[in-house]
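Report on one structure; see the data block that follows.
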Amino acid sequence: MQTLIFASSNPNKIREVREMLDGLYEIKGLHDIGCNEDIPETADTIEGNALLKAHYVVEHYGLNCFSEDTGLEVTALNGAPGVHSARYSGEDRDPQANIDLLQKNLAPHADRSARFKTVIALSLDGVEHLFEGLVYGHIRQEQFGTGGFGYDPVFVPDGYSISFAEMDKEEKNRISHRGRAVQKLLDFLKQA
Ligand code: ITT
């Protein structure tokens, strides 16, 4: 089985992507290749941050890799927290504090629609490719479920009445932003 480096140190993301590529590629995260750096995510777009992480691995390790960056874009907040989703409430990246701040900022608004956006940047033999995955939904006022991570307990995808945190893993992966972007990556890799 071929190995692919996934330039992430977020264990939740690595687990999700590993499950999606199970049997096709062996996925190694940053820690698995001895990279314990917190790669600076200083770009002002989701695409830019995905590319930064992929460039870092190519530059420092010379390995083919892919990376991803994800943001939650809330319509009434003009796309916030967006590229700042992980650190919305501060540098300690506390998911509960992020949700609390989101609820506070969204409270005056009737429009609670939002979307998750994932961009995967693949660097393969010196050539870069981008894959995007989107899922539309809304932010619930209360939290539901214990699965998933990040904003999952408050995000309800369109066509569902349960949050991402209430879905089983397979179902989330099938319809999620990351699932859709990974599917595009897979389709590309199969014909590359
Ligand atoms: P990397 O090592 O991959 O950079 P990270 O945690 O820094 O991991 P991001 O910069 O992509 O990841 O942060 C996006 C934030 O958005 C993340 O911390 C979560 O709070 C949230 N997020 C990302 N994917 C999510 C998902 O599937 N469900 C809910 N929240 C998610």
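Ligands are numbered from 1 in the order shown, residues from 1 within each chain, and chains are lettered A, B, ... in the order they appear in the structure tokens.
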request  = For range 162-166 of chain A, work out the shell of residues within 8 Å, counting only C-alpha atoms and skipping chain neighbours fewer than 4 positions away, then give it as a ChimeraX atom specification.
outcome  = /A:144-149,152-157,172
With only C-alpha atoms and all ligand atoms counted and 7 Å as the cut-off, give the residues of chain A in contact with ligand 1, each with its shortest interatomic distance in Å and the pair that gives it, as JSON lines.
{"residue": "A:Ala7", "atom": "CA", "partner": "ligand 1", "partner_atom_place_in_ligand_line": "3 (O)", "distance": 6.8}
{"residue": "A:Ser8", "atom": "CA", "partner": "ligand 1", "partner_atom_place_in_ligand_line": "2 (O)", "distance": 3.8}
{"residue": "A:Ser9", "atom": "CA", "partner": "ligand 1", "partner_atom_place_in_ligand_line": "2 (O)", "distance": 4.1}
{"residue": "A:Asn10", "atom": "CA", "partner": "ligand 1", "partner_atom_place_in_ligand_line": "2 (O)", "distance": 4.4}
{"residue": "A:Lys13", "atom": "CA", "partner": "ligand 1", "partner_atom_place_in_ligand_line": "3 (O)", "distance": 6.7}
{"residue": "A:Glu68", "atom": "CA", "partner": "ligand 1", "partner_atom_place_in_ligand_line": "3 (O)", "distance": 6.1}
{"residue": "A:Asp69", "atom": "CA", "partner": "ligand 1", "partner_atom_place_in_ligand_line": "11 (O)", "distance": 3.9}
{"residue": "A:Thr70", "atom": "CA", "partner": "ligand 1", "partner_atom_place_in_ligand_line": "11 (O)", "distance": 4.0}
{"residue": "A:Gly71", "atom": "CA", "partner": "ligand 1", "partner_atom_place_in_ligand_line": "16 (O)", "distance": 5.0}
{"residue": "A:Leu72", "atom": "CA", "partner": "ligand 1", "partner_atom_place_in_ligand_line": "16 (O)", "distance": 6.3}
{"residue": "A:Ser85", "atom": "CA", "partner": "ligand 1", "partner_atom_place_in_ligand_line": "15 (C)", "distance": 4.6}
{"residue": "A:Ala86", "atom": "CA", "partner": "ligand 1", "partner_atom_place_in_ligand_line": "18 (O)", "distance": 3.6}
{"residue": "A:Arg93", "atom": "CA", "partner": "ligand 1", "partner_atom_place_in_ligand_line": "18 (O)", "distance": 6.5}
{"residue": "A:Pro95", "atom": "CA", "partner": "ligand 1", "partner_atom_place_in_ligand_line": "20 (O)", "distance": 5.7}
{"residue": "A:Gly148", "atom": "CA", "partner": "ligand 1", "partner_atom_place_in_ligand_line": "28 (N)", "distance": 6.3}
{"residue": "A:Phe149", "atom": "CA", "partner": "ligand 1", "partner_atom_place_in_ligand_line": "29 (C)", "distance": 5.1}
{"residue": "A:Gly150", "atom": "CA", "partner": "ligand 1", "partner_atom_place_in_ligand_line": "30 (N)", "distance": 3.6}
{"residue": "A:Tyr151", "atom": "CA", "partner": "ligand 1", "partner_atom_place_in_ligand_line": "29 (C)", "distance": 4.0}
{"residue": "A:Asp152", "atom": "CA", "partner": "ligand 1", "partner_atom_place_in_ligand_line": "29 (C)", "distance": 4.2}
{"residue": "A:Arg178", "atom": "CA", "partner": "ligand 1", "partner_atom_place_in_ligand_line": "27 (O)", "distance": 6.5}
query = Where in chain A does DSSP assign helix (DSSP H, G or I), given as number ranges by chain?
reply = A: 11-20, 31-33, 46-61, 75-77, 82-84, 95-106, 152-154, 164-166, 169-175, 177-191
Take the residues just selected and output them with C-alpha atoms as an mmCIF file, in the first residue's frame.
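Below you can see out_6.cif, which holds the result:
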data_model
loop_
_atom_site.group_PDB
_atom_site.id
_atom_site.type_symbol
_atom_site.label_atom_id
_atom_site.label_comp_id
_atom_site.auth_asym_id
_atom_site.auth_seq_id
_atom_site.Cartn_x
_atom_site.Cartn_y
_atom_site.Cartn_z
ATOM 1 C CA PRO A 11 -5.785 13.708 15.634
ATOM 2 C CA ASN A 12 -9.516 14.084 14.896
ATOM 3 C CA LYS A 13 -8.893 15.049 11.299
ATOM 4 C CA ILE A 14 -6.262 12.356 10.815
ATOM 5 C CA ARG A 15 -8.670 9.733 12.142
ATOM 6 C CA GLU A 16 -11.461 10.879 9.813
ATOM 7 C CA VAL A 17 -9.235 10.967 6.733
ATOM 8 C CA ARG A 18 -7.591 7.636 7.596
ATOM 9 C CA GLU A 19 -11.020 6.005 7.767
ATOM 10 C CA MET A 20 -11.979 7.464 4.395
ATOM 11 C CA HIS A 31 3.892 13.337 14.267
ATOM 12 C CA ASP A 32 4.460 10.044 12.412
ATOM 13 C CA ILE A 33 7.255 11.682 10.371
ATOM 14 C CA ILE A 46 -8.479 28.725 3.814
ATOM 15 C CA GLU A 47 -6.786 27.885 0.483
ATOM 16 C CA GLY A 48 -3.678 29.825 1.504
ATOM 17 C CA ASN A 49 -3.342 27.984 4.801
ATOM 18 C CA ALA A 50 -3.777 24.595 3.143
ATOM 19 C CA LEU A 51 -0.981 25.475 0.716
ATOM 20 C CA LEU A 52 1.281 26.747 3.530
ATOM 21 C CA LYS A 53 1.095 23.409 5.335
ATOM 22 C CA ALA A 54 1.781 21.394 2.170
ATOM 23 C CA HIS A 55 4.717 23.663 1.237
ATOM 24 C CA TYR A 56 6.203 23.213 4.687
ATOM 25 C CA VAL A 57 6.328 19.430 4.378
ATOM 26 C CA VAL A 58 7.746 19.537 0.858
ATOM 27 C CA GLU A 59 10.410 22.051 1.906
ATOM 28 C CA HIS A 60 11.466 20.349 5.129
ATOM 29 C CA TYR A 61 10.917 16.685 4.356
ATOM 30 C CA THR A 75 -23.690 33.979 6.640
ATOM 31 C CA ALA A 76 -24.898 36.571 9.191
ATOM 32 C CA LEU A 77 -21.317 37.043 10.408
ATOM 33 C CA GLY A 82 -13.829 31.317 8.506
ATOM 34 C CA VAL A 83 -10.073 31.065 8.336
ATOM 35 C CA HIS A 84 -9.958 31.900 12.083
ATOM 36 C CA PRO A 95 -13.705 24.271 21.081
ATOM 37 C CA GLN A 96 -16.261 25.053 23.801
ATOM 38 C CA ALA A 97 -15.111 28.672 24.053
ATOM 39 C CA ASN A 98 -15.306 28.925 20.253
ATOM 40 C CA ILE A 99 -18.900 27.655 20.274
ATOM 41 C CA ASP A 100 -19.834 30.015 23.110
ATOM 42 C CA LEU A 101 -18.456 33.019 21.249
ATOM 43 C CA LEU A 102 -20.198 31.942 18.058
ATOM 44 C CA GLN A 103 -23.538 31.679 19.883
ATOM 45 C CA LYS A 104 -23.030 35.094 21.469
ATOM 46 C CA ASN A 105 -22.221 36.775 18.152
ATOM 47 C CA LEU A 106 -25.059 35.017 16.368
ATOM 48 C CA ASP A 152 -19.991 19.665 15.297
ATOM 49 C CA PRO A 153 -22.447 19.819 18.266
ATOM 50 C CA VAL A 154 -24.071 23.000 16.877
ATOM 51 C CA PHE A 164 -22.804 16.368 13.015
ATOM 52 C CA ALA A 165 -21.960 15.351 16.587
ATOM 53 C CA GLU A 166 -25.038 13.096 16.691
ATOM 54 C CA LYS A 169 -18.779 8.626 11.713
ATOM 55 C CA GLU A 170 -19.626 7.005 8.389
ATOM 56 C CA GLU A 171 -22.599 9.265 7.859
ATOM 57 C CA LYS A 172 -20.649 12.436 8.682
ATOM 58 C CA ASN A 173 -17.806 11.379 6.376
ATOM 59 C CA ARG A 174 -20.250 10.686 3.551
ATOM 60 C CA ILE A 175 -21.756 14.182 3.484
ATOM 61 C CA HIS A 177 -17.024 19.174 3.808
ATOM 62 C CA ARG A 178 -13.938 17.056 4.537
ATOM 63 C CA GLY A 179 -15.565 13.907 3.168
ATOM 64 C CA ARG A 180 -16.391 15.647 -0.104
ATOM 65 C CA ALA A 181 -12.920 17.141 -0.474
ATOM 66 C CA VAL A 182 -11.280 13.782 0.322
ATOM 67 C CA GLN A 183 -13.520 12.084 -2.255
ATOM 68 C CA LYS A 184 -12.267 14.547 -4.894
ATOM 69 C CA LEU A 185 -8.679 13.878 -3.804
ATOM 70 C CA LEU A 186 -9.295 10.137 -4.101
ATOM 71 C CA ASP A 187 -10.866 10.410 -7.551
ATOM 72 C CA PHE A 188 -7.828 12.389 -8.654
ATOM 73 C CA LEU A 189 -5.300 9.973 -7.130
ATOM 74 C CA LYS A 190 -7.010 7.000 -8.756
ATOM 75 C CA GLN A 191 -6.478 8.433 -12.213
#
inquiry  = Taking 2 positions as the minimum chain separation for residues in the same chain, which residues sit within 7 Å of Leu130 in chain A when counting only C-alpha atoms? Answer as a PyMOL selection string.
reply    = chain A and resi 119-122+128+132
Could you please take those selected residues and save C-alpha atoms as a PDB file, in the first residue's frame?
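result_31.pdb written:
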ATOM      1  CA  VAL A 119      -9.695  22.895   0.986  1.00  0.00           C
ATOM      2  CA  ILE A 120      -7.195  20.105   0.409  1.00  0.00           C
ATOM      3  CA  ALA A 121      -3.836  21.019  -1.122  1.00  0.00           C
ATOM      4  CA  LEU A 122      -1.998  18.097  -2.686  1.00  0.00           C
ATOM      5  CA  GLU A 128       0.043  21.422  -6.634  1.00  0.00           C
ATOM      6  CA  GLU A 132     -12.748  21.874  -2.238  1.00  0.00           C
TER       7      GLU A 132
END
request  = Calculate how many Å separate CA of Gly29 in chain A from CA of Ile5 in chain A, rounding to one decimal.
outcome  =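 Distance reported for this atom pair: 6.0 Å.
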